[in-house]
Structures are given as C-alpha cells and as structure tokens.
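So the structure is just underneath, and the comments pick up after that.
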Amino acid sequence: MGTLSGVILRGFGWRHAGRKRWAVRSVDLRIESGERVLLLGPSGAGKSTLLAALAGLLPEDSGEQEGTVEIDGLDPRKGRERVGIVFQDPESQLVMARCGDDVAFGLENRGVPAEEIWPRVDDALRRVGFPYHRDRPTAALSGGEQQRLALAGALALRPGLLLLDEPTANLDPAGATLVRSAVAGALDADTTLILVEHRVAEALPLVDRVVVLEAGGGVRADGSPEAVFRDHGDALAADGVWVPGRTVPPRRATTAPGDLLLTADRLGLPPRLAPTDLAVRAGEALAVLGPNGAGKSTLALLLGGLLPPGGGTLTASAPLAGRDARTPPHRWRAPALAARIGSVFQDPEHQFVTGTVFDELALGPRRTGRPEPEVRAVVDDLLARLRLGALAGANPYTLSGGEARRLSVATALATAPRLLICDEPTFGQDRRTWLELVDLFADLRDAGHGIVTVTHDAEFVAALADRQLTLARPAPAPGTPDGDRP
Amino acid sequence: MPAQGVRSTSSRAAVRSQPDAACVFSWFVFENWEQTMDNGNRWRTIDIVVASVIAVAFGVIFWAWNLVWSATEPAFAFFPPAQALIYGIWLVPAVLGGLVIRKPGASLYCELVAAILSALLGSQWASITIVQGLLQGVGAELAFAAFRYRSFRLPTAVLAGALTGLSAAIFDFVYWNKAYDLGSYRLPYALLTIVSATIVAGVGGWALTRSLANTGVLDRFPAGRERAAI
Amino acid sequence: MISIEPVAAPGAPLARRNPVAKLAAALLFSFILVATLDPVAPAIAIAVELALLPLFGVRYRVLARRAWPLLVSAAGILVTLVLFAAERSGRVLLEAGPVVVTSGVLLTALGLVLRTFAVALPGVIVFATTDATDLADALIQNAKAPARFAIGALAAFRLVPLLGQEWQAISMARRARGVDAGRNPIAKLRLFVSTAFVLLVGAIRRGTRLAVAMDARGFDAGTPRTVARRQRFTTADALLVAGAVALAAAALTASILLGTYRPLLG
C-alpha cells in the first residue's frame with residue numbers, strides 16, 4: 001500500500017450540472033494519513049458526492065466547484081492512483097466476467113508490467129480472504145463475495161486512501177459481515193480510510209473518528225465516536241442515521257387475526273423454493289426469513305400471484321378473492337389481482353409505469369374502474385399520508401431512494417388490497433424512512449390488512465412481525481442461479 | 001441491429017453488399033477516434049459504456065420480443081413482406097445511440113456492439129448480423145454527420161431513421177430479394193422498410209430520448225441537460 | 001435464460017484458434033459464397049461445414065438447436081418465391097389462380113435456401129466456440145481495435161444475464177400494478193414498450209455507475225495499457241483463414257465448372 005494520502009478540503013462545494021441545489025457545500029476538513037474516518041449525515045447531505053470528489057471522479061465539465069480538495073497537495077483528478085474506492089452496488093462495479101480478470105483490470109489500466117499482474121492479483125485476492133480460484137465467473141458469486149472482489153480490485157492498486165461508499169448497504173447480514181471482516185483484515189496501518197455507512201454500530205470497529213456533514217452544508221460534528229454520539233446522537237437519529245443503542249418499541253397486533261386470506265400447501269418452485277406450508281390472515285404481519293438462496297423472493301412472487309407454482313397449491317379464501325376463490329391467484333386478471341393482493345418489489349423502479357407521481361398513484365384505481373373523482377380522493381389521501389404531496393408532478397425516476405420506496409408502497413395501497421406482500425421493503429433505507437414504514441405497515445395491519453414481508457432485517461421483524469417463518473435453502477445445485485437477490 | 005429479431009422470425013433482413021468497404025470504413029473511423037477526436041468529440045468512458053449498455057439492453061429487448069411474440073412469429077416467417085412494417089424496431093438503437101451520445105461514430109458503434117452481442121447470444125445469422133449491423137449503423141451515422149454532429153432535433157432524428165432504413169432496404173433489395181418480382185415485391189418491400197424506419201426508429205428514437213431525459217438518467221449527457229434545472 | 005457463454009468443448013483443435021482468426025475465416029468463407037445464387041456451391045459448402053464441425057467441438061445437436069430458425073426462414077423463402085418470383089421458367093408443376101409453381105422457381109428456391117444455410121453456419125459455429133473476453137482481447141491485440149471501446153463493450157456484455165432477469169422482474173411488477181394485456185395486440189405492444197423503457201432506464205443507470213467505477217480504477221488514466229491475457233495470432237491461425245478462403249473458392253469453382261454458377265450482381 002502507498003503511504004501519505006493526507007486529505008485537505010477548504011470550503012469545498014459541488015453542484016451537479018442541471019441542478020439548482022448544491023450537493024455538498026462549505027466543507028472544511030483535514031484528515032491525516034492513516035486515520036480511519038466514518039462519514040455520516042442525513043440523506044442528501046452529499047456524502048457520496050464528497051467521496052466522488054476525493055476519488056477524482058467529478059470531471060470539471062460535469063458541475064460547478066467551490067473551494068478546493070487536495071490529496072497530498074494534489075487535485076484528486078490528477079492523483080487518482082493514490083485513491084481506491086468501493087461503491088454500494090456490486091453489479092455495477094465489476095467489469096470482467098472472471099474474478100481474476102476483474103482484479104487485473106485496474107492493473108492493466110495503470111500499465112503494470114504483464115509479469116507483475118498475476119502475482120499482484122493473487123496477493124489482493126488473498127488479502128480479502130477470497131475463497132475461489134481466479135477463473136471463477138463473477139456472476140456465480142453472492143453479493144458479499146462480489147463486494148470482496150471489488151475490494152480486492154481497489155486494493156490491488158495499492159492506494160494510500162481507501163474510500164468505501166456504503167459497501168454493505170445492498171447485502172444481507174451475512175454478506176455484510178463478510179465484507180467488513182475483509183476490510184478489517186486487509187488494511188495496512190498507514191492506509192487512510194473514509195467510510196460512508198448508515199448502519200453505524202457495525203461500522204464502529206473499523207474507525208477511530210466520526211465526521212458528520214450538515215444537510216445544508218458544512219460539518220456539524222467531528223471527533224471520536226464516543227464524543228460525537230454523546231453530543232449529537234439524538235439529532236443524528238432524528239435525521240435518519242442509525243445511531244447505536246437506540247431501539248424502537250415494537251408494534252404488535254392489538255387484536256386477534258381475522259379472516260384466513262391465503263393458504264399455501266406444499267407450495268414450491270424447484271429448484272428455487274422447496275415445498276412450503278403457510279397461512280396468512282387478515283390483521284397480522286408475517287415475516288419470512290432465511291438465508292440467501294432459500295427462495296424468499298420466489299415465495300413472495302408466488303404469494304403475490306405473479307408466478308405459476310411449480311408444485312403444491314395456493315388457495316385464496318372467499319374473503320380475499322370473492323367469486324374467484326376457486327381460481328389460483330396466478331390465473332387472475334391483473335386488475336383483479338391488484339385489487340386483492342398488493343406486491344411491493346425490491347427495486348421500486350421496476351413498478352413504475354407512468355411519467356408522474358400522481359399518475360402512478362392513479363393508475364391502479366383507474367384500472368380497477370373507479371370513477372375519476374374517487375380516484376382523485378384516493379391519490380390525494382396517499383400523497384398526504386406518505387409525504388409525497390410536493391412531488392405529485394415529479395417524474396417517478398427522479399425521486400430519491402426513500403421517496404421511491406414510499407411511492408412504490410403507496411402504489412400498491414392505491415387499489416386497497418386486503419393483502420400486501422413486500423420483498424425487502426426496508427432495504428437500503430435510512431432510519432427515518434424505516435420508522436415510517438414500520439408505522440405504516442402497523443397501521444395497515446391494525447386496519448385489518450394482512451401483511452407478508454420477506455426480509456433480512458432483524459430489527460424490522462422485531463418491531464413489526466406477529467409471526468415468523470424461516471425458510472431453509474433447498475438442496476443445493478451448485479452454480480444454479482436462484483433468483484433471490486440479497 | 002436490425003434485424004436479428006426479424007431474422008429469427010424470417011428470412012430477409014440480413015444483407016450485405018460491399019461489406020469489405022463498410023468494414024474498412026468503420027475500422028478507419030474507430031482507429032482515428034482515439035487520435036483526432038479530442039476537444040469535445042473525444043469519447044468519455046461514460047459515453048463508451050452507456051453506448052455499449054444501450055446496445056446490450058436492446059439485445060435483451062429483442063430477445064424478449066421473441067419470447068413475447070413467439071405466437072405471431074410463424075405469420076411473419078411465412079409471409080415475410082409483413083415484417084417490413086415493423087422493420088424500424090430493429091433500427092432504434094442506431095438512432096437512439098446517436099441522439100444520446102452525440103459523438104461521431106455513436107450510431108455505428110451501437111449497431112455494431114448490438115450485432116456482436118446477438119451473435120454471441122446465438123443468433124442463427126451470426127456473422128451476417130455483424131455485417132448488417134455495420135451497414136445499418138452507417139445509414140444513421142451519415143444523417144448525424146450531415147448535420148456535423150450539431151443538431152439532434154426531430155428533423156435530424158427523422159433523417160437518421162430514414163437513412164438507416166434506406167441502407168437496410170438497399171441491402172435487402174440486392175441480397176435477399178434479388179429473385180423476387182420487382183414491381184409487386186422488391187420495390188414495395190423497400191419502401192415499407194424506409195417508412196417503418198423513419199417512423200419507428202426516427203420519430204420513435206427521438207421520443208424515447210426525450211422520455212429518458214425526463215427520468216434524469218441522461219444527466220451526464222448533453223441530451224439530458226436540455227431540460228430545466230431541478 | 002439468456003447467456004453469452006460459449007457452448008463448445010473448449011479443447012477442440014479449431015475452437016482453440018485465435019478468435020480474430022475464427023471470425024475472419026467465417027466472414028471470408030461467407031462472403032465468397034454470397035457471390036452465387038446457384039444450389040451447387042452452397043451445397044458443397046454445407047457439406048464442408050458439417051464435416052469440420054467436430055474439429056470445433058460443437059455437437060450436431062447443439063448446432064441444430066441454434067440453427068433451427070433457419071428452417072423457418074427457408075419456408076418463408078419458398079412461400080415468398082412461389083408468390084412473387086421474378087421469373088417462372090421451366091416446367092409448370094402446379095397452377096392455382098395466381099400461384100404458378102415451375103421447376104425454375106423450385107430450383108431458385110433451393111439455391112436461396114441452401115445459400116441461407118451455407119452463409120449463416122460458419123458464424124454460428126464460430127460464435128458458439130468463442131468466449132466474449134477472448135474475442136475482445138484478440139480484437140485489441142491482433143486486430144488493433146481500440147482498447148477502450150472493446151473493453152467498454154465487454155463490460156456491458158457482463159450485464160446481459162442481469163438484464164434478462166430484470167426483464168422478467170419488470171414484467172411481473174407490471175402485473176402486480178394491475179397492468180396486463182390479455183389477447184389485445186395493441187395493449188400487448190404498449191405493455192412491451194413500457195417494459196422495455198423501464199429496462200433501458202435501469203440499464204443506463206447501471207452503465208453510468210459502471211463507467212464511474214471503471215474510471216476509479218484508472219480506465220481513462222491515459223497511461224498505455226498492459227495486457228494480462230496474451231492472445232497470439234500464430235501460423236495455425238493464418239492457416240485457418242487461408243483454409244477457409246481456399247475451401248469457399250473451391251466450392252465456387254466447382255459450380256462454375258459445372259456450369260450452374262449464377263452471379264448475385266449482374
């Protein structure tokens with residue numbers, strides 16, 4: 001690893017081209033070589049933009065800059081070989097089809113002599129504890145393994161400054177642990193580290209200093225973790241940061257479950273999901289847990305009437321399905337399905353159909369044949385309940401992660417289904433959106449809706465679920481893709 | 001990549017005439033990008049990758065087309081003239097690539113990558129697809145070049161659609177349709193191809209670029225910066 | 001599922017050849033055959049292609065699976081020719097209203113169908129035996145293709161299986177929103193376009209992030225790249241190209257000598 005890499009920011013600010021708002025502004029910060037810094041701040045405070053600036057990844061023509069950034073006295077755009085960065089999404093930072101080739105990619109770019117490349121690749125893979133041969137296809141790795149590979153790709157270039165931009169946000173708990181232990185094991189004593197991470201408790205063992213950015217610009221707090229959380233813990237928690245040691249009081253059902261809505265009898269889809277029995281009732285929240293590859297997402301699709309079962313049966317009861325109770329849900333016409341079972345997908349963007357937030361919410365009620373004044377009323381109510389009122393005319397794809405998640409839940413609610421099936425609804429959300437989702441789902445449950453949540457989020461389960469179902473991985477067929485993302 | 005979808009539904013579409021000239025031309029263009037295209041016309045990494053990704057996404061879209069429309073496939077296969085109507089769909093990437101990337105060679109590159117991908121995916125036309133992709137890319141490329149890569153408005157897009165349709169039609173005319181009757185088949189087929197390409201690839205490609213710009217995904221491109229600051 | 005993995009046995013003698021050599025051989029072989037419309041030259045070429053198949057490590061079943069849509073195309077050629085043939089020489093075999101089938105029409109159809117197969121198969125065989133990474137490496141090292149473009153395309157190819165899964169997820173998400181088309185072809189087309197649009201938005205988003213990640217690892221550093229995987233163009237590769245030209249030329253010569261040659265142009 002290189003050494004030095006002291007970082008100095010003086011009044012730094014950046015505004016992306018085409019935006020009125022500054023992404024980050026008035027940041028004065030000095031980070032010495034070898035420091036380990038956790039960078040915090042509310043959503044939209046510009047943490048990722050700051051890391052991109054440090055990595056030299058904000059081209060001059062892509063926005064407007066204020067102040068200066070220096071790494072060892074150089075503009076980061078000119079000293080890029082001193083910096084390595086790992087991003088959040090594994091799928092969009094791996095370049096090559098084979099693991100070894102991917103680590104070699106950076107070395108080739110830097111003109112490392114051919115005979116040195118493979119020893120350095122093997123060395124980097126060893127340092128992150130990569131368990132496979134370098135010929136392994138990158139597509140055959142789990143999310144956690146892919147992030148370890150991305151870390152190896154950054155470390156192979158021997159950066160003095162390592163930047164990690166929420167490297168575990170897209171991973172299940174096991175994958176996240178894998179990546180954090182790889183970071184801990186791979187760092188040299190003189191490597192400078194700057195880490196952005198919502199889940200503070202897990203990140204603390206890696207850092208010795210915490211810097212908090214203010215949403216409107218500037219640095220709100222800077223110091224040891226103890227001092228920062230003592231003085232600013234409450235304000236940070238209110239801003240959506242997962243401050244350690246703050247638990248949420250659980251919201252359990254206050255009444256006994258009502259009508260039986262859906263029954264699965266040996267429901268399965270080989271090789272993705274082993275036969276599964278379950279029953280969902282109105283007025284209860286059921287959490288489906290299990291490791292990656294157990295078929296949780298597949299189960300959500302089957303329960304949502306979106307995939308034909310590969311075995312067993314799925315029966316909807318008369319209170320849910322009315323006169324369609326004899327037909328399995330995957331045979332229902334889409335409008336009838338949407339009025340009975342709402343599905344919320346992992347990626348909110350997959351569900352968007354129209355060009356504005358308003359039309360997005362109006363689509364379901366219009367499809368199910370509601371008159372226009374009624375549609376307006378439903379939409380206005382949802383806009384208010386999910387704090388989307390100011391965005392009614394916005395294009396759904398321009399929303400932030402939290403807004404997009406709230407919209408995708410709202411669209412499922414617009415047709416007032418009795419049953420709601422959610423796949424990792426809290427995935428990658430800050431604490432504020434997370435709390436809103438807990439409250440929203442609890443309110444729905446108490447109003448008599450049935451709720452099934454597929455999730456890795458233990459805290460979410462603790463806060464909301466009345467009942468749990470844990471899936472086991474079906475007998476493994478090596479190399480079989482399982483359609484179950486983190 | 002015109003036609004690899006069409007190709008899998010039926011026979012025409014694949015074509016070539018003077019393929020060697022096209023290869024040499026494109027190679028010349030690619031080679032010289034690196035040296036001469038500085039000052040604003042040099043391709044940034046994001047230009048290269050997004051152009052490639054557009055091509056790849058269309059490869060997947062054409063694959064899905066064959067899944068979704070497999071029921072109607074035999075109709076097209078047994079009566080090839082019908083497919084001239086939808087010919088333009090296969091030419092969208094050429095126009096879209098040019099409109100989004102706005103750099104010399106973008107149309108050509110998108111079509112070429114899309115064609116190589118379809119060959120790797122197992123298209124039954126394989127190397128023919130590549131030659132054809134190149135030639136059809138040249139059609140759209142000429143339209144953007146005619147405006148010296150400075151206009152990317154609707155009329156330019158329409159011209160790009162028409163020219164890529166024309167290049168497709170000429171090659172079909174010479175290669176695939178040689179043995180058919182001129183008045184009742186070859187000419188109507190060529191005209192339908194051009195009309196379809198003008199409407200679907202030209203107007204459609206332009207509308208698609210605008211819709212994409214509205215989602216914010218083109219913010220790093222001039223095409224995405226034409227909307228008001230938000 | 002959608003995949004760009006090669007399907008051949010990797011150790012087969014001709015599959016192992018340099019990808020640029022294989023591609024050049026396929027292209028040249030096809031180009032030469034395009035020159036004629038007669039059935040003899042393509043028939044010889046198809047025989048040669050099928051005979052060489054084991055040397056590429058491709059099983060006949062695999063080839064049949066990839067090439068069967070050509071059969072559908074062949075039927076299309078026949079139908080179109082029966083309806084729209086430019087000349088109807090020879091003996092009249094069938095006459096039903098406007099449909100006049102003559103021996104000349106059938107001979108032309110045979111030529112076109114055989115040509116379709118003869119021209120397409122070499123490419124099918126080559127791409128079935130070629131890995132995308134090897135092809136990009138060879139294009140850069142042996143054909144002087146610009147590295148940034150070849151690697152950029154290769155990086156995008158990695159997204160193919162992912163985008164295939166995404167297509168299915170988006171389709172299911174539409175249904176969950178209450179959007180389906182039933183049997184209405186217009187609604188079906190609209191649904192298709194809207195699904196394709198979401199796919200494209202996601203793909204461009206990914207591509208943008210991927211480009212940033214590539215730059216972070218020095219892709220645009222401007223220093224001359226080195227290569228970790230060496231692709232060599234050997235004498236054997238040159239012989240493969242020469243062999244392809246010679247075989248195609250021989251097929252063409254045979255058709256000229258037999259007097260069946262019918263030039264495409266003129």
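We name chains A, B, ... following the order of the structure tokens; residues begin at 1 in each chain, and ligands are numbered from 1 as shown.
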Residues of region 74-322 of chain A classed as alpha helix (DSSP H) by DSSP on the backbone are to be reported as an mmCIF file with C-alpha atoms, in the first residue's frame.
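Below is the file that was written, out.cif:
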data_model
loop_
_atom_site.group_PDB
_atom_site.id
_atom_site.type_symbol
_atom_site.label_atom_id
_atom_site.label_comp_id
_atom_site.auth_asym_id
_atom_site.auth_seq_id
_atom_site.Cartn_x
_atom_site.Cartn_y
_atom_site.Cartn_z
ATOM 1 C CA CYS A 99 -12.797 -12.870 -10.942
ATOM 2 C CA GLY A 100 -9.055 -12.724 -11.630
ATOM 3 C CA ASP A 101 -9.560 -10.691 -14.805
ATOM 4 C CA ASP A 102 -11.586 -8.188 -12.833
ATOM 5 C CA VAL A 103 -8.808 -7.580 -10.310
ATOM 6 C CA ALA A 104 -6.296 -7.424 -13.182
ATOM 7 C CA PHE A 105 -8.403 -4.777 -14.952
ATOM 8 C CA GLY A 106 -7.136 -1.901 -12.791
ATOM 9 C CA LEU A 107 -3.538 -3.105 -13.047
ATOM 10 C CA GLU A 108 -3.745 -3.222 -16.851
ATOM 11 C CA ASN A 109 -5.163 0.308 -16.907
ATOM 12 C CA ALA A 114 2.357 -8.090 -17.509
ATOM 13 C CA GLU A 115 4.611 -10.348 -15.450
ATOM 14 C CA GLU A 116 3.725 -8.480 -12.227
ATOM 15 C CA ILE A 117 -0.037 -8.537 -12.804
ATOM 16 C CA TRP A 118 -0.975 -12.069 -11.769
ATOM 17 C CA PRO A 119 1.150 -12.150 -8.587
ATOM 18 C CA ARG A 120 -0.483 -8.885 -7.527
ATOM 19 C CA VAL A 121 -3.940 -10.237 -8.389
ATOM 20 C CA ASP A 122 -3.359 -13.329 -6.268
ATOM 21 C CA ASP A 123 -1.999 -11.193 -3.450
ATOM 22 C CA ALA A 124 -5.027 -8.889 -3.453
ATOM 23 C CA LEU A 125 -7.443 -11.843 -3.532
ATOM 24 C CA ARG A 126 -5.613 -13.429 -0.602
ATOM 25 C CA ARG A 127 -5.767 -10.243 1.432
ATOM 26 C CA GLY A 143 -23.379 -10.175 -3.242
ATOM 27 C CA GLY A 144 -20.965 -10.319 -0.297
ATOM 28 C CA GLU A 145 -18.364 -12.182 -2.354
ATOM 29 C CA GLN A 146 -18.737 -9.701 -5.216
ATOM 30 C CA GLN A 147 -18.073 -6.813 -2.834
ATOM 31 C CA ARG A 148 -14.991 -8.579 -1.505
ATOM 32 C CA LEU A 149 -13.819 -8.940 -5.087
ATOM 33 C CA ALA A 150 -14.445 -5.236 -5.703
ATOM 34 C CA LEU A 151 -12.378 -4.504 -2.581
ATOM 35 C CA ALA A 152 -9.563 -6.686 -3.946
ATOM 36 C CA GLY A 153 -9.751 -4.749 -7.227
ATOM 37 C CA ALA A 154 -9.259 -1.487 -5.331
ATOM 38 C CA LEU A 155 -6.508 -2.856 -3.051
ATOM 39 C CA PRO A 173 -26.305 -9.547 7.174
ATOM 40 C CA ALA A 174 -24.011 -12.492 6.422
ATOM 41 C CA GLY A 175 -22.621 -10.797 3.298
ATOM 42 C CA ALA A 176 -22.131 -7.520 5.159
ATOM 43 C CA THR A 177 -20.147 -9.257 7.894
ATOM 44 C CA LEU A 178 -18.000 -10.893 5.230
ATOM 45 C CA VAL A 179 -17.134 -7.532 3.682
ATOM 46 C CA ARG A 180 -16.435 -5.770 6.980
ATOM 47 C CA SER A 181 -14.099 -8.528 8.105
ATOM 48 C CA ALA A 182 -12.321 -8.352 4.749
ATOM 49 C CA VAL A 183 -11.831 -4.592 5.182
ATOM 50 C CA ALA A 184 -10.566 -5.054 8.734
ATOM 51 C CA GLY A 185 -8.141 -7.740 7.653
ATOM 52 C CA ALA A 186 -6.819 -6.051 4.535
ATOM 53 C CA VAL A 200 -23.198 2.816 12.490
ATOM 54 C CA ALA A 201 -22.940 0.091 15.121
ATOM 55 C CA GLU A 202 -21.433 -2.388 12.679
ATOM 56 C CA ALA A 203 -19.021 0.174 11.235
ATOM 57 C CA PRO A 225 -17.213 8.209 18.099
ATOM 58 C CA GLU A 226 -17.986 8.454 21.824
ATOM 59 C CA ALA A 227 -17.930 12.249 21.842
ATOM 60 C CA VAL A 228 -19.919 12.653 18.632
ATOM 61 C CA PHE A 229 -22.704 10.271 19.644
ATOM 62 C CA ARG A 230 -22.837 11.680 23.186
ATOM 63 C CA ASP A 231 -23.321 15.247 21.925
ATOM 64 C CA HIS A 232 -25.218 14.694 18.685
ATOM 65 C CA GLY A 233 -26.823 11.250 18.987
ATOM 66 C CA ASP A 234 -30.427 12.435 19.232
ATOM 67 C CA ALA A 235 -30.180 14.900 16.369
ATOM 68 C CA LEU A 236 -28.463 12.287 14.194
ATOM 69 C CA ALA A 237 -31.126 9.682 14.933
ATOM 70 C CA ALA A 238 -33.830 12.199 14.022
ATOM 71 C CA LYS A 296 -37.744 -15.927 -0.151
ATOM 72 C CA SER A 297 -38.224 -13.657 -3.172
ATOM 73 C CA THR A 298 -39.655 -16.576 -5.126
ATOM 74 C CA LEU A 299 -42.155 -17.222 -2.329
ATOM 75 C CA ALA A 300 -43.161 -13.540 -2.397
ATOM 76 C CA LEU A 301 -43.797 -13.767 -6.152
ATOM 77 C CA LEU A 302 -45.829 -16.963 -5.748
ATOM 78 C CA LEU A 303 -47.943 -15.490 -2.926
ATOM 79 C CA ALA A 318 -63.596 -16.148 -0.276
ATOM 80 C CA PRO A 319 -62.996 -13.049 1.922
ATOM 81 C CA LEU A 320 -59.966 -12.235 -0.219
ATOM 82 C CA ALA A 321 -60.995 -13.427 -3.651
#
Taking only C-alpha atoms into account, which residues of chain A are within 7 Å of chain C, as a PyMOL selection string?
chain A and resi 55+57+84-85+92-93+95-97+104+106+108-114+117+306+334-335+337-338+342-343+350-351+353+364+367+412
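One finds CA of Ala160 (chain B) at 23.1 Å from CA of Val217 (chain B).
We find CA of Ala404 (chain A) and CA of Gly295 (chain A) to be spaced 25.0 Å apart.
For chain B, the residues no farther than 12 Å from chain A when using only C-alpha atoms are B:Gly40, B:Arg44, B:Thr45, B:Ile46, B:Val49, B:Val53, B:Arg210, B:Ser211, B:Leu212, B:Ala213, B:Asn214, B:Thr215, B:Gly216, B:Val217, B:Leu218, B:Asp219, B:Arg220, B:Phe221, B:Pro222, B:Ala223, B:Gly224, B:Arg225, B:Glu226, B:Arg227, B:Ala228, B:Ala229, B:Ile230.
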Could the residues in this selection be written to a file with N, CA and C atoms, as a CSV table (one decimal), in the first residue's frame?
chain,number,residue,atom,x,y,z
B,40,GLY,N,-13.8,17.9,-27.1
B,40,GLY,CA,-15.3,17.7,-27.0
B,40,GLY,C,-15.8,16.6,-27.8
B,44,ARG,N,-15.8,10.1,-23.8
B,44,ARG,CA,-15.5,9.8,-22.4
B,44,ARG,C,-15.8,8.3,-22.1
B,45,THR,N,-15.3,7.8,-20.9
B,45,THR,CA,-15.7,6.5,-20.6
B,45,THR,C,-17.2,6.3,-20.5
B,46,ILE,N,-17.9,7.3,-19.9
B,46,ILE,CA,-19.3,7.1,-19.8
B,46,ILE,C,-20.0,7.0,-21.1
B,49,VAL,N,-19.3,3.4,-22.3
B,49,VAL,CA,-20.1,2.4,-21.6
B,49,VAL,C,-21.6,2.5,-21.8
B,53,VAL,N,-24.1,-0.2,-23.3
B,53,VAL,CA,-25.2,-0.7,-22.5
B,53,VAL,C,-26.5,-0.5,-23.2
B,210,ARG,N,-36.3,11.7,-25.4
B,210,ARG,CA,-36.9,12.7,-24.5
B,210,ARG,C,-37.4,12.1,-23.3
B,211,SER,N,-38.1,10.9,-23.4
B,211,SER,CA,-38.6,10.3,-22.2
B,211,SER,C,-37.5,9.9,-21.3
B,212,LEU,N,-36.4,9.4,-21.8
B,212,LEU,CA,-35.2,9.0,-21.0
B,212,LEU,C,-34.7,10.2,-20.3
B,213,ALA,N,-34.6,11.4,-21.0
B,213,ALA,CA,-34.1,12.6,-20.4
B,213,ALA,C,-34.9,13.0,-19.2
B,214,ASN,N,-36.2,12.8,-19.3
B,214,ASN,CA,-37.1,13.2,-18.2
B,214,ASN,C,-36.9,12.4,-17.0
B,215,THR,N,-36.4,11.2,-17.1
B,215,THR,CA,-36.1,10.4,-15.9
B,215,THR,C,-34.9,10.8,-15.2
B,216,GLY,N,-34.1,11.6,-15.8
B,216,GLY,CA,-32.8,12.0,-15.1
B,216,GLY,C,-31.6,11.1,-15.4
B,217,VAL,N,-31.8,10.0,-16.1
B,217,VAL,CA,-30.7,9.1,-16.3
B,217,VAL,C,-29.7,9.6,-17.3
B,218,LEU,N,-30.1,10.6,-18.1
B,218,LEU,CA,-29.1,11.2,-19.1
B,218,LEU,C,-28.5,12.5,-18.6
B,219,ASP,N,-28.5,12.7,-17.2
B,219,ASP,CA,-28.0,14.0,-16.7
B,219,ASP,C,-26.5,14.2,-17.0
B,220,ARG,N,-25.8,13.2,-17.2
B,220,ARG,CA,-24.4,13.3,-17.6
B,220,ARG,C,-24.1,13.6,-19.1
B,221,PHE,N,-25.2,13.6,-19.8
B,221,PHE,CA,-25.1,13.8,-21.3
B,221,PHE,C,-25.8,15.1,-21.7
B,222,PRO,N,-25.3,15.7,-22.8
B,222,PRO,CA,-26.0,17.0,-23.2
B,222,PRO,C,-27.5,16.7,-23.5
B,223,ALA,N,-27.8,15.5,-23.9
B,223,ALA,CA,-29.3,15.2,-24.2
B,223,ALA,C,-30.1,15.4,-22.9
B,224,GLY,N,-29.5,15.1,-21.8
B,224,GLY,CA,-30.3,15.2,-20.5
B,224,GLY,C,-30.2,16.5,-19.9
B,225,ARG,N,-29.4,17.4,-20.4
B,225,ARG,CA,-29.2,18.7,-19.7
B,225,ARG,C,-30.1,19.7,-20.4
B,226,GLU,N,-30.8,19.3,-21.4
B,226,GLU,CA,-31.7,20.3,-22.1
B,226,GLU,C,-32.9,20.6,-21.3
B,227,ARG,N,-33.3,19.8,-20.3
B,227,ARG,CA,-34.4,20.1,-19.5
B,227,ARG,C,-34.0,21.1,-18.5
B,228,ALA,N,-35.0,21.8,-17.9
B,228,ALA,CA,-34.7,22.9,-16.9
B,228,ALA,C,-34.0,22.3,-15.7
B,229,ALA,N,-33.2,23.1,-15.1
B,229,ALA,CA,-32.5,22.7,-13.8
B,229,ALA,C,-33.6,22.4,-12.8
B,230,ILE,N,-33.3,21.3,-12.0
B,230,ILE,CA,-34.3,21.0,-11.0
B,230,ILE,C,-33.6,21.0,-9.6
From region 3-120 of chain C, collect each residue whose DSSP state is strand (DSSP E) and return the set as a list in words.
Val92, Leu93, Leu94, Glu95, Ala96, Val99, Val100, Val101 and Thr102 of chain C
Could you save those same residues with N, CA and C atoms as a PDB file, in the first residue's frame?
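Listing of again.pdb after writing:
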ATOM      1  N   VAL C  92     -44.226 -26.236 -65.765  1.00  0.00           N
ATOM      2  CA  VAL C  92     -45.239 -25.854 -64.772  1.00  0.00           C
ATOM      3  C   VAL C  92     -45.657 -27.089 -63.995  1.00  0.00           C
ATOM      4  N   LEU C  93     -45.478 -27.008 -62.660  1.00  0.00           N
ATOM      5  CA  LEU C  93     -45.790 -28.158 -61.825  1.00  0.00           C
ATOM      6  C   LEU C  93     -47.145 -28.012 -61.161  1.00  0.00           C
ATOM      7  N   LEU C  94     -47.526 -26.755 -60.889  1.00  0.00           N
ATOM      8  CA  LEU C  94     -48.775 -26.513 -60.184  1.00  0.00           C
ATOM      9  C   LEU C  94     -49.306 -25.166 -60.621  1.00  0.00           C
ATOM     10  N   GLU C  95     -50.612 -25.084 -60.880  1.00  0.00           N
ATOM     11  CA  GLU C  95     -51.186 -23.802 -61.239  1.00  0.00           C
ATOM     12  C   GLU C  95     -52.519 -23.652 -60.533  1.00  0.00           C
ATOM     13  N   ALA C  96     -52.607 -22.667 -59.628  1.00  0.00           N
ATOM     14  CA  ALA C  96     -53.854 -22.434 -58.886  1.00  0.00           C
ATOM     15  C   ALA C  96     -54.053 -20.935 -58.782  1.00  0.00           C
ATOM     16  N   VAL C  99     -51.037 -18.453 -58.282  1.00  0.00           N
ATOM     17  CA  VAL C  99     -49.891 -19.256 -57.856  1.00  0.00           C
ATOM     18  C   VAL C  99     -49.471 -20.201 -58.969  1.00  0.00           C
ATOM     19  N   VAL C 100     -48.273 -19.933 -59.503  1.00  0.00           N
ATOM     20  CA  VAL C 100     -47.742 -20.792 -60.558  1.00  0.00           C
ATOM     21  C   VAL C 100     -46.397 -21.328 -60.106  1.00  0.00           C
ATOM     22  N   VAL C 101     -46.337 -22.597 -59.840  1.00  0.00           N
ATOM     23  CA  VAL C 101     -45.078 -23.192 -59.402  1.00  0.00           C
ATOM     24  C   VAL C 101     -44.445 -23.913 -60.575  1.00  0.00           C
ATOM     25  N   THR C 102     -43.212 -23.491 -60.909  1.00  0.00           N
ATOM     26  CA  THR C 102     -42.500 -24.140 -62.005  1.00  0.00           C
ATOM     27  C   THR C 102     -41.223 -24.775 -61.474  1.00  0.00           C
TER      28      THR C 102
END
